[in-house]
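K.L.:
Dropping in data08.cif, which is mmCIF, C-alpha atoms (C1' of nucleotides):
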data_query
#
loop_
_atom_site.label_atom_id
_atom_site.label_comp_id
_atom_site.auth_asym_id
_atom_site.auth_seq_id
_atom_site.Cartn_x
_atom_site.Cartn_y
_atom_site.Cartn_z
CA MET A 196 120.01 111.55 96.04
CA ALA A 197 118.35 114.24 93.94
CA GLU A 198 118.02 116.28 97.09
CA GLY A 199 120.17 119.06 95.66
CA LEU A 200 117.64 121.57 94.47
CA GLN A 201 118.69 125.10 93.69
CA PRO A 202 119.50 127.08 96.84
CA GLN A 203 117.10 129.93 96.27
CA LEU A 204 114.28 127.50 95.58
CA GLY A 205 115.17 125.49 98.67
CA GLN A 206 112.21 126.12 100.92
CA SER A 207 109.48 126.55 98.39
CA LEU A 208 110.06 123.30 96.52
CA LEU A 209 110.91 121.14 99.49
CA PHE A 210 107.58 119.41 99.10
CA LEU A 211 108.78 118.02 95.77
CA THR A 212 111.83 116.17 97.03
CA ASP A 213 111.99 112.45 96.44
CA GLU A 214 111.77 112.00 100.18
CA GLN A 215 108.57 114.01 100.43
CA LEU A 216 107.11 112.17 97.49
CA ARG A 217 107.98 108.84 99.02
CA LYS A 218 106.22 109.81 102.21
CA GLY A 219 103.18 110.76 100.20
CA ILE A 220 103.25 107.38 98.49
CA GLU A 221 103.44 105.53 101.76
CA ALA A 222 100.77 107.72 103.31
CA MET A 223 98.51 106.85 100.41
CA PHE A 224 99.17 103.14 100.82
CA PHE A 225 98.62 103.06 104.56
CA ALA A 226 95.64 105.40 104.50
CA TYR A 227 93.85 103.30 101.91
CA ARG A 228 93.90 100.41 104.33
CA GLY A 229 92.13 102.50 106.91
CA PHE A 230 89.78 103.78 104.26
CA THR A 231 88.50 100.29 103.45
CA ALA A 232 88.84 98.67 106.89
CA ASP A 233 85.43 99.51 108.32
CA PRO A 234 83.29 98.60 105.31
CA ASP A 235 85.36 95.44 104.89
CA ARG A 236 84.33 94.25 108.33
CA ILE A 237 80.65 94.72 107.59
CA LEU A 238 80.97 93.09 104.18
CA ALA A 239 82.80 90.07 105.56
CA GLN A 240 79.91 89.41 107.94
CA LYS A 241 77.47 89.33 105.05
CA GLY A 242 79.76 87.29 102.83
CA TYR A 243 80.49 90.09 100.41
CA GLY A 244 83.68 91.78 99.28
CA ARG A 245 84.84 95.17 98.12
CA ALA A 246 83.55 94.60 94.63
CA HIS A 247 80.03 94.35 96.05
CA HIS A 248 80.56 97.55 97.98
CA ARG A 249 81.66 99.42 94.89
CA ALA A 250 78.68 98.22 92.88
CA ILE A 251 76.27 99.13 95.67
CA HIS A 252 77.88 102.52 96.15
CA PHE A 253 77.59 103.59 92.55
CA ILE A 254 74.13 102.15 92.02
CA HIS A 255 73.01 104.14 95.03
CA ARG A 256 74.79 107.15 93.64
CA SER A 257 73.25 106.90 90.19
CA PRO A 258 69.96 105.04 90.48
CA GLY A 259 68.83 103.53 87.21
CA THR A 260 72.34 103.44 85.78
CA THR A 261 73.00 100.87 83.08
CA VAL A 262 75.41 97.97 83.34
CA ASN A 263 77.65 99.49 80.70
CA ASN A 264 77.86 102.78 82.51
CA LEU A 265 78.69 101.05 85.78
CA LEU A 266 81.34 99.08 83.92
CA SER A 267 83.18 102.13 82.74
CA ILE A 268 83.00 103.80 86.15
CA LEU A 269 84.38 100.76 87.94
CA GLY A 270 86.92 99.96 85.25
CA VAL A 271 86.40 96.21 85.25
CA THR A 272 85.17 93.69 82.70
CA LYS A 273 81.50 92.91 82.35
CA GLN A 274 82.13 89.32 83.34
CA SER A 275 83.67 90.41 86.59
CA LEU A 276 80.91 92.87 87.36
CA ASN A 277 78.24 90.42 86.26
CA ARG A 278 79.28 87.86 88.85
CA VAL A 279 78.97 90.43 91.62
CA LEU A 280 75.74 91.88 90.25
CA ARG A 281 74.17 88.45 89.95
CA THR A 282 74.67 87.62 93.60
CA LEU A 283 73.33 91.02 94.62
CA ILE A 284 70.24 90.50 92.48
CA GLU A 285 69.74 86.94 93.72
CA ASP A 286 70.05 88.16 97.29
CA GLY A 287 67.46 90.83 96.65
CA LEU A 288 69.71 93.85 97.20
CA VAL A 289 69.65 95.08 93.63
CA GLU A 290 66.87 95.22 91.10
CA SER A 291 67.51 95.02 87.39
CA THR A 292 64.79 96.35 85.13
CA VAL A 293 64.68 96.24 81.36
CA GLY A 294 64.98 99.64 79.75
CA THR A 295 61.87 101.26 78.36
CA ARG A 296 63.46 103.35 75.64
CA ASP A 297 66.15 100.81 74.84
CA LYS A 298 65.13 97.36 75.93
CA ARG A 299 68.64 95.98 75.63
CA GLU A 300 69.71 98.00 78.60
CA ARG A 301 69.20 96.98 82.19
CA HIS A 302 68.62 99.73 84.71
CA LEU A 303 69.91 99.05 88.19
CA HIS A 304 68.33 100.12 91.46
CA LEU A 305 68.84 99.26 95.10
CA THR A 306 65.97 97.53 96.86
CA GLU A 307 65.04 98.58 100.41
CA GLU A 308 67.41 95.91 101.72
CA GLY A 309 70.17 97.03 99.39
CA ALA A 310 69.72 100.62 100.47
CA ALA A 311 69.98 99.50 104.08
CA LEU A 312 73.32 97.84 103.45
CA GLU A 313 74.49 100.86 101.51
CA ARG A 314 73.66 103.03 104.48
CA ALA A 315 75.51 100.77 106.90
CA LEU A 316 78.59 100.72 104.68
CA SER A 317 78.72 104.40 103.90
CA ASP A 318 77.96 105.36 107.49
CA ALA A 319 80.97 103.37 108.60
CA GLN A 320 83.18 104.82 105.92
CA ARG A 321 81.94 108.35 106.46
CA ASP A 322 82.52 108.13 110.20
CA ARG A 323 86.20 107.58 109.67
CA MET A 324 86.39 110.18 106.95
CA ARG A 325 84.59 112.66 109.18
CA ALA A 326 87.00 112.03 112.04
CA ALA A 327 89.95 112.54 109.71
CA TYR A 328 88.44 115.71 108.25
CA ARG A 329 87.67 117.07 111.67
CA ALA A 330 91.16 116.35 112.92
CA ALA A 331 92.80 117.94 109.90
CA GLY A 332 90.55 120.97 109.44
CA PRO A 333 88.97 122.60 106.38
CA VAL A 334 92.15 123.92 104.80
CA ALA A 335 93.78 120.51 104.91
CA VAL A 336 90.63 118.93 103.46
CA ALA A 337 90.69 121.28 100.50
CA GLY A 338 94.31 120.35 99.87
CA PHE A 339 93.54 116.68 100.26
CA ARG A 340 90.92 116.86 97.55
CA GLN A 341 93.10 118.93 95.26
CA VAL A 342 95.97 116.47 95.36
CA LEU A 343 93.69 113.47 94.90
CA GLU A 344 92.02 115.02 91.90
CA ALA A 345 95.37 115.82 90.35
CA MET A 346 96.40 112.22 90.83
CA MET A 347 93.57 110.74 88.77
CA ASP A 348 93.77 109.58 85.18
CA GLU A 349 92.11 111.84 82.69
CA GLU A 350 89.28 109.46 81.95
CA THR A 351 88.76 108.65 85.61
CA ARG A 352 88.57 112.34 86.47
CA HIS A 353 85.74 112.72 84.01
CA HIS A 354 83.75 110.06 85.85
CA TYR A 355 84.59 111.77 89.11
CA GLU A 356 83.56 115.21 87.87
CA ALA A 357 80.36 113.85 86.40
CA MET A 358 79.38 112.38 89.76
CA LYS A 359 80.36 115.55 91.55
CA ASP A 360 78.01 117.65 89.45
CA LYS A 361 75.03 115.49 90.17
CA THR A 362 74.29 116.98 93.55
CA GLU A 363 75.95 120.33 93.26
CA MET B 162 93.88 120.19 117.62
CA ALA B 163 92.62 123.60 118.79
CA GLU B 164 91.73 124.50 115.19
CA GLY B 165 89.06 127.17 115.48
CA LEU B 166 85.97 125.09 114.82
CA GLN B 167 83.70 126.64 117.43
CA PRO B 168 83.22 130.27 116.34
CA GLN B 169 80.96 130.57 113.30
CA LEU B 170 79.64 127.08 112.64
CA GLY B 171 77.83 127.99 109.44
CA GLN B 172 80.59 128.14 106.83
CA SER B 173 83.36 126.50 108.78
CA LEU B 174 81.73 123.07 109.07
CA LEU B 175 80.53 122.82 105.49
CA PHE B 176 83.42 120.49 104.79
CA LEU B 177 81.85 117.94 107.14
CA THR B 178 78.54 117.51 105.34
CA ASP B 179 77.66 114.05 104.11
CA GLU B 180 77.96 115.36 100.59
CA GLN B 181 81.50 116.61 101.14
CA LEU B 182 82.44 113.36 102.82
CA ARG B 183 81.03 111.36 99.95
CA LYS B 184 83.10 113.34 97.51
CA GLY B 185 86.16 112.65 99.59
CA ILE B 186 85.36 108.94 99.55
CA GLU B 187 84.98 108.90 95.79
CA ALA B 188 88.10 111.01 95.31
CA MET B 189 90.00 108.47 97.38
CA PHE B 190 88.67 105.58 95.31
CA PHE B 191 89.38 107.15 91.94
CA ALA B 192 92.74 108.57 92.94
CA TYR B 193 93.97 105.22 94.19
CA ARG B 194 93.48 103.83 90.71
CA GLY B 195 95.74 106.51 89.31
CA PHE B 196 98.17 105.95 92.13
CA THR B 197 98.71 102.31 91.17
CA ALA B 198 98.22 102.56 87.41
CA ASP B 199 101.80 103.32 86.35
CA PRO B 200 103.59 100.73 88.48
CA ASP B 201 100.94 98.19 87.51
CA ARG B 202 101.87 98.55 83.86
CA ILE B 203 105.54 97.93 84.56
CA LEU B 204 104.77 95.01 86.85
CA ALA B 205 102.46 93.38 84.32
CA GLN B 206 105.27 93.36 81.76
CA LYS B 207 107.52 91.49 84.16
CA GLY B 208 104.80 89.13 85.30
CA TYR B 209 104.50 90.57 88.77
CA GLY B 210 101.65 92.12 90.70
CA ARG B 211 101.07 94.75 93.34
CA ALA B 212 102.07 92.38 96.09
CA HIS B 213 105.56 92.17 94.57
CA HIS B 214 105.71 95.94 94.38
CA ARG B 215 104.86 96.33 98.05
CA ALA B 216 107.47 93.79 99.10
CA ILE B 217 110.13 95.42 96.95
CA HIS B 218 109.21 98.86 98.18
CA PHE B 219 109.53 98.06 101.85
CA ILE B 220 112.64 95.94 101.48
CA HIS B 221 114.23 98.86 99.69
CA ARG B 222 112.98 101.14 102.39
CA SER B 223 114.28 99.00 105.26
CA PRO B 224 117.19 96.96 103.96
CA GLY B 225 117.90 93.92 106.10
CA THR B 226 114.38 93.81 107.48
CA THR B 227 113.15 90.44 108.72
CA VAL B 228 110.25 88.48 107.30
CA ASN B 229 108.20 89.02 110.44
CA ASN B 230 108.69 92.75 110.35
CA LEU B 231 107.69 92.91 106.71
CA LEU B 232 104.65 90.83 107.56
CA SER B 233 103.37 93.27 110.13
CA ILE B 234 104.01 96.27 107.86
CA LEU B 235 102.15 94.73 104.96
CA GLY B 236 99.40 93.28 107.10
CA VAL B 237 99.20 89.94 105.32
CA THR B 238 99.81 86.33 106.31
CA LYS B 239 103.21 84.76 106.03
CA GLN B 240 101.90 82.27 103.48
CA SER B 241 100.80 85.09 101.25
CA LEU B 242 104.03 87.00 101.62
CA ASN B 243 106.09 83.87 101.24
CA ARG B 244 104.67 83.13 97.83
CA VAL B 245 105.66 86.55 96.61
CA LEU B 246 109.03 86.52 98.34
CA ARG B 247 109.90 83.11 96.93
CA THR B 248 109.44 84.21 93.35
CA LEU B 249 111.45 87.37 93.97
CA ILE B 250 114.30 85.35 95.48
CA GLU B 251 114.15 82.75 92.71
CA ASP B 252 114.25 85.52 90.12
CA GLY B 253 117.28 87.03 91.81
CA LEU B 254 115.67 90.33 92.80
CA VAL B 255 115.78 89.74 96.55
CA GLU B 256 118.44 88.17 98.71
CA SER B 257 117.64 86.38 101.96
CA THR B 258 120.49 85.99 104.44
CA VAL B 259 120.48 84.13 107.74
CA GLY B 260 120.71 86.44 110.74
CA THR B 261 123.99 86.70 112.60
CA ARG B 262 122.66 87.53 116.03
CA ASP B 263 119.58 85.36 115.70
CA LYS B 264 119.99 82.62 113.12
CA ARG B 265 116.25 81.98 112.92
CA GLU B 266 115.73 85.30 111.24
CA ARG B 267 116.16 86.00 107.53
CA HIS B 268 117.32 89.42 106.53
CA LEU B 269 116.04 90.70 103.22
CA HIS B 270 117.93 92.86 100.74
CA LEU B 271 117.42 93.90 97.15
CA THR B 272 119.99 92.70 94.64
CA GLU B 273 121.24 95.07 91.97
CA GLU B 274 118.51 93.79 89.68
CA GLY B 275 115.91 94.19 92.40
CA ALA B 276 117.06 97.72 93.08
CA ALA B 277 116.76 98.47 89.37
CA LEU B 278 113.14 97.35 89.30
CA GLU B 279 112.46 99.29 92.48
CA ARG B 280 113.82 102.39 90.82
CA ALA B 281 111.71 101.90 87.72
CA LEU B 282 108.58 101.40 89.81
CA SER B 283 109.08 104.24 92.20
CA ASP B 284 110.19 106.59 89.43
CA ALA B 285 106.91 105.94 87.67
CA GLN B 286 104.90 106.38 90.82
CA ARG B 287 106.82 109.44 91.92
CA ASP B 288 106.38 111.09 88.54
CA ARG B 289 102.64 111.07 88.92
CA MET B 290 102.83 112.09 92.54
CA ARG B 291 105.17 114.91 91.64
CA ALA B 292 102.83 116.18 88.95
CA ALA B 293 99.94 116.08 91.40
CA TYR B 294 101.96 117.86 94.07
CA ARG B 295 103.13 120.49 91.65
CA ALA B 296 99.62 121.10 90.38
CA ALA B 297 98.20 121.39 93.88
CA GLY B 298 100.97 123.34 95.60
CA PRO B 299 102.70 123.04 98.98
CA VAL B 300 99.75 124.06 101.15
CA ALA B 301 97.52 121.47 99.53
CA VAL B 302 100.22 118.85 99.92
CA ALA B 303 100.47 119.50 103.64
CA GLY B 304 96.72 119.10 103.95
CA PHE B 305 96.77 115.96 101.83
CA ARG B 306 99.24 114.34 104.20
CA GLN B 307 97.39 115.49 107.29
CA VAL B 308 94.11 113.96 106.18
CA LEU B 309 95.73 110.71 105.09
CA GLU B 310 97.53 110.35 108.40
CA ALA B 311 94.33 110.96 110.29
CA MET B 312 92.65 108.26 108.25
CA MET B 313 95.04 105.48 109.23
CA ASP B 314 94.44 102.87 111.88
CA GLU B 315 96.40 103.36 115.08
CA GLU B 316 98.67 100.41 114.46
CA THR B 317 99.20 101.33 110.84
CA ARG B 318 100.13 104.86 111.79
CA HIS B 319 102.88 103.52 113.99
CA HIS B 320 104.40 101.70 111.05
CA TYR B 321 104.08 104.85 109.00
CA GLU B 322 105.65 107.06 111.63
CA ALA B 323 108.46 104.59 112.14
CA MET B 324 109.32 104.71 108.45
CA LYS B 325 109.03 108.46 108.38
CA ASP B 326 111.63 108.87 111.09
CA LYS B 327 114.19 106.77 109.28
CA THR B 328 115.34 109.51 106.96
CA GLU B 329 114.32 112.59 108.85
"C1'" DC C 8 62.75 93.35 55.44
"C1'" DT C 9 67.01 91.91 56.19
"C1'" DT C 10 71.26 92.44 58.16
"C1'" DG C 11 75.02 94.47 60.89
"C1'" DG C 12 76.35 96.21 65.11
"C1'" DA C 13 75.52 97.34 69.98
"C1'" DA C 14 74.24 95.91 74.63
"C1'" DT C 15 73.80 92.28 77.53
"C1'" DG C 16 74.31 87.73 79.47
"C1'" DT C 17 76.58 83.23 80.09
"C1'" DC C 18 79.98 79.39 80.02
"C1'" DA C 19 84.63 77.98 80.67
"C1'" DA C 20 89.19 78.45 82.08
"C1'" DC C 21 92.66 80.78 84.33
"C1'" DA C 22 95.64 83.91 87.49
"C1'" DA C 23 96.80 86.93 91.41
"C1'" DA C 24 96.63 87.40 96.01
"C1'" DG C 25 94.44 87.06 100.03
"C1'" DC C 26 92.88 83.50 103.85
"C1'" DT C 27 92.98 79.15 107.39
"C1'" DG C 28 95.02 75.14 109.25
"C1'" DA C 29 98.61 71.93 109.91
"C1'" DC C 30 103.23 70.53 110.14
"C1'" DG C 31 108.43 70.55 110.12
"C1'" DT C 32 112.88 72.55 111.34
"C1'" DA C 33 116.16 75.33 113.29
"C1'" DT C 34 117.23 78.27 116.94
"C1'" DT C 35 116.73 80.68 121.12
"C1'" DG C 36 115.72 81.66 125.81
"C1'" DT C 37 114.04 79.97 130.22
"C1'" DA D 253 115.20 69.73 128.83
"C1'" DC D 254 111.51 72.23 127.04
"C1'" DA D 255 108.62 75.91 125.34
"C1'" DA D 256 108.42 79.61 122.33
"C1'" DT D 257 109.88 81.98 118.17
"C1'" DA D 258 110.98 82.61 113.21
"C1'" DC D 259 110.54 80.78 109.05
"C1'" DG D 260 109.10 77.80 105.25
"C1'" DT D 261 105.80 74.87 103.06
"C1'" DC D 262 101.79 71.86 101.74
"C1'" DA D 263 96.92 71.80 100.87
"C1'" DG D 264 92.70 73.89 100.08
"C1'" DC D 265 89.49 77.71 99.71
"C1'" DT D 266 87.79 82.58 98.40
"C1'" DT D 267 87.37 86.92 95.97
"C1'" DT D 268 88.07 89.39 92.12
"C1'" DG D 269 90.15 90.24 88.21
"C1'" DT D 270 91.32 88.49 83.22
"C1'" DT D 271 90.35 86.22 77.98
"C1'" DG D 272 87.83 83.98 74.68
"C1'" DA D 273 83.73 82.11 72.64
"C1'" DC D 274 79.02 82.28 71.79
"C1'" DA D 275 73.76 83.35 72.23
"C1'" DT D 276 70.18 86.67 72.54
"C1'" DT D 277 67.85 90.77 71.84
"C1'" DC D 278 67.13 94.94 69.83
"C1'" DC D 279 67.93 99.25 66.97
"C1'" DA D 280 68.93 101.26 62.84
"C1'" DA D 281 70.60 101.57 58.24
"C1'" DG D 282 70.58 99.81 53.77
#
Spit out the file's structure as structure tokens when you get a sec.
P.N.:
Amino acid sequence: MAEGLQPQLGQSLLFLTDEQLRKGIEAMFFAYRGFTADPDRILAQKGYGRAHHRAIHFIHRSPGTTVNNLLSILGVTKQSLNRVLRTLIEDGLVESTVGTRDKRERHLHLTEEGAALERALSDAQRDRMRAAYRAAGPVAVAGFRQVLEAMMDEETRHHYEAMKDKTE
Amino acid sequence: MAEGLQPQLGQSLLFLTDEQLRKGIEAMFFAYRGFTADPDRILAQKGYGRAHHRAIHFIHRSPGTTVNNLLSILGVTKQSLNRVLRTLIEDGLVESTVGTRDKRERHLHLTEEGAALERALSDAQRDRMRAAYRAAGPVAVAGFRQVLEAMMDEETRHHYEAMKDKTE
DNA sequence: CTTGGAATGTCAACAAAGCTGACGTATTGT
DNA sequence: ACAATACGTCAGCTTTGTTGACATTCCAAG
């Protein structure tokens, strides 16, 4: 294949061979399964799916966020989000309040019950992430984050950076 | 394993705070979108989805693999895989041949056309991965892989390791 | 004050891709 | 001969995404 990189560059660019890249791709695929496995189990019990998790996560993260803002973070259509949001509101996990400054907007908050589910979900997900971090060590974790950030779309990275700044 | 975590707990465990873990979780979520974005565009043009991509990828990776083996790698039901496989066979991208040793088994191969699509998809995905790797550097890449591997389920990791060995 | 555009919500229809359960067929191993 | 295995398929259901059309509410500009 395109394995034949220049001799003198041999060692230093070995991490860019097609083979290395393919391993990275497969690692990403398999790891994502683990990443979602634990929350998925909790959600299935309650009759929810990943879409509910994502909504809950980002509402928790940015309390009072508007529907439009959530839309652009999640990258789905309003119809798709609305279906999920409606069940969460009906079930009393999310509260939607009309905006004061702009009454067209709805501001979203988690109720006590919603916050409880958020905690259960993120505890489960963090536990696995913590175990992985601990096993790999701080240097690996820094690299992990670097590569992930470099893999994002431009627009997505802006969302990511914006969230990052909130508690820094 | 014996990574020096004990000594000075102050700085060295900062990467395990809930805040750091949350950032890792969000990085994983946002990065996965980028990870699938390029292949998704190609697939959409051809009327396929991610499920087709996964099948094509692993058939390419393990030519002659059986349906059952593919099933356990992908972690889906045979009905779900069958639907995807059927369209790929009908469209002439995948070939299914009766086993010689065990005639109950079907061995799966990519046709020339299937291999062409595989190349287009993995080129697109590798390009982004390569850019991310290049931007982050070899040390970061090693860490990236370490964390991802530690994040996998036991069973999943076995699949991953098995694939890894094939070309090492 | 009226009107255009923005933000939101809702209805309908549809597709991809997962799931369960049941059943049939060919083949293999005991 | 019989049970188990590998595969395919039919039917039906769920989640989560998509378009398109249309109503409502509100802000702001003309």
K.L.:
Could the residues of chain A that have an atom at most 8 Å from chain D be listed as JSON lines, each with its closest atom pair and the distance in Å to one decimal, counting all atoms listed in the file and ordered by chain and ascending residue number?
P.N.:
{"residue": "A:Gly244", "atom": "CA", "partner": "D:DT267", "partner_atom": "C1'", "distance": 6.9}
{"residue": "A:Ala246", "atom": "CA", "partner": "D:DT268", "partner_atom": "C1'", "distance": 7.3}
{"residue": "A:Val271", "atom": "CA", "partner": "D:DG269", "partner_atom": "C1'", "distance": 7.6}
{"residue": "A:Ser275", "atom": "CA", "partner": "D:DG269", "partner_atom": "C1'", "distance": 6.7}
{"residue": "A:Asp297", "atom": "CA", "partner": "D:DC278", "partner_atom": "C1'", "distance": 7.8}
{"residue": "A:Lys298", "atom": "CA", "partner": "D:DC278", "partner_atom": "C1'", "distance": 6.9}
{"residue": "A:Arg299", "atom": "CA", "partner": "D:DC278", "partner_atom": "C1'", "distance": 6.1}
K.L.:
Which residues come within 12 Å of B:Gly236, counting all atoms listed in the file, excluding same-chain residues fewer than 2 positions away, as a PyMOL selection string?
P.N.:
(chain A and resi 224-225+228-229+232) or (chain B and resi 212+215-216+228-234+238-242+314+316-317+320) or (chain C and resi 25)
K.L.:
Applying 12 Å and all atoms listed in the file, which residues near stretch 284-286 of chain A remain after dropping the ones on its own chain fewer than 4 positions away? List them as a tab-separated table (two decimals) with C-alpha atoms, keeping the file's coordinate frame.
P.N.:
chain	number	residue	atom	x	y	z
A	241	LYS	CA	77.47	89.33	105.05
A	242	GLY	CA	79.76	87.29	102.83
A	243	TYR	CA	80.49	90.09	100.41
A	247	HIS	CA	80.03	94.35	96.05
A	250	ALA	CA	78.68	98.22	92.88
A	251	ILE	CA	76.27	99.13	95.67
A	277	ASN	CA	78.24	90.42	86.26
A	278	ARG	CA	79.28	87.86	88.85
A	279	VAL	CA	78.97	90.43	91.62
A	280	LEU	CA	75.74	91.88	90.25
A	290	GLU	CA	66.87	95.22	91.10
A	291	SER	CA	67.51	95.02	87.39
A	292	THR	CA	64.79	96.35	85.13
A	303	LEU	CA	69.91	99.05	88.19
A	304	HIS	CA	68.33	100.12	91.46
A	305	LEU	CA	68.84	99.26	95.10
A	306	THR	CA	65.97	97.53	96.86
A	307	GLU	CA	65.04	98.58	100.41
A	308	GLU	CA	67.41	95.91	101.72
A	309	GLY	CA	70.17	97.03	99.39
A	312	LEU	CA	73.32	97.84	103.45
K.L.:
I'd like to know which of A:Ala226, A:Ala239, A:Leu209, A:Ala319 is closest to chain B, using all atoms listed in the file.
P.N.:
A:Ala226
K.L.:
So, counting only C-alpha atoms (C1' of nucleotides), which residue among C:DT37, C:DT17, C:DT27, C:DT32 is closest to chain A?
P.N.:
C:DT17
K.L.:
Could you please select, counting all atoms listed in the file, the residues of chain C within 12 Å of chain A and state them as number ranges by chain?
P.N.:
C: 13-19, 25
K.L.:
Starting from the PyMOL selection byres ((chain A) within 8 of (chain B)), expand the selection into actual residues of this file and give them as a PyMOL selection string.
P.N.:
chain A and resi 207-208+210-211+213+216-223+225-230+320-321+323-348+351-352+355+359
K.L.:
So how many Å separate atom C1' of C:DT35 and atom CA of B:Arg262, to one decimal?
P.N.:
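About the pair atom C1' of C:DT35 and atom CA of B:Arg262: they are 10.4 Å apart.
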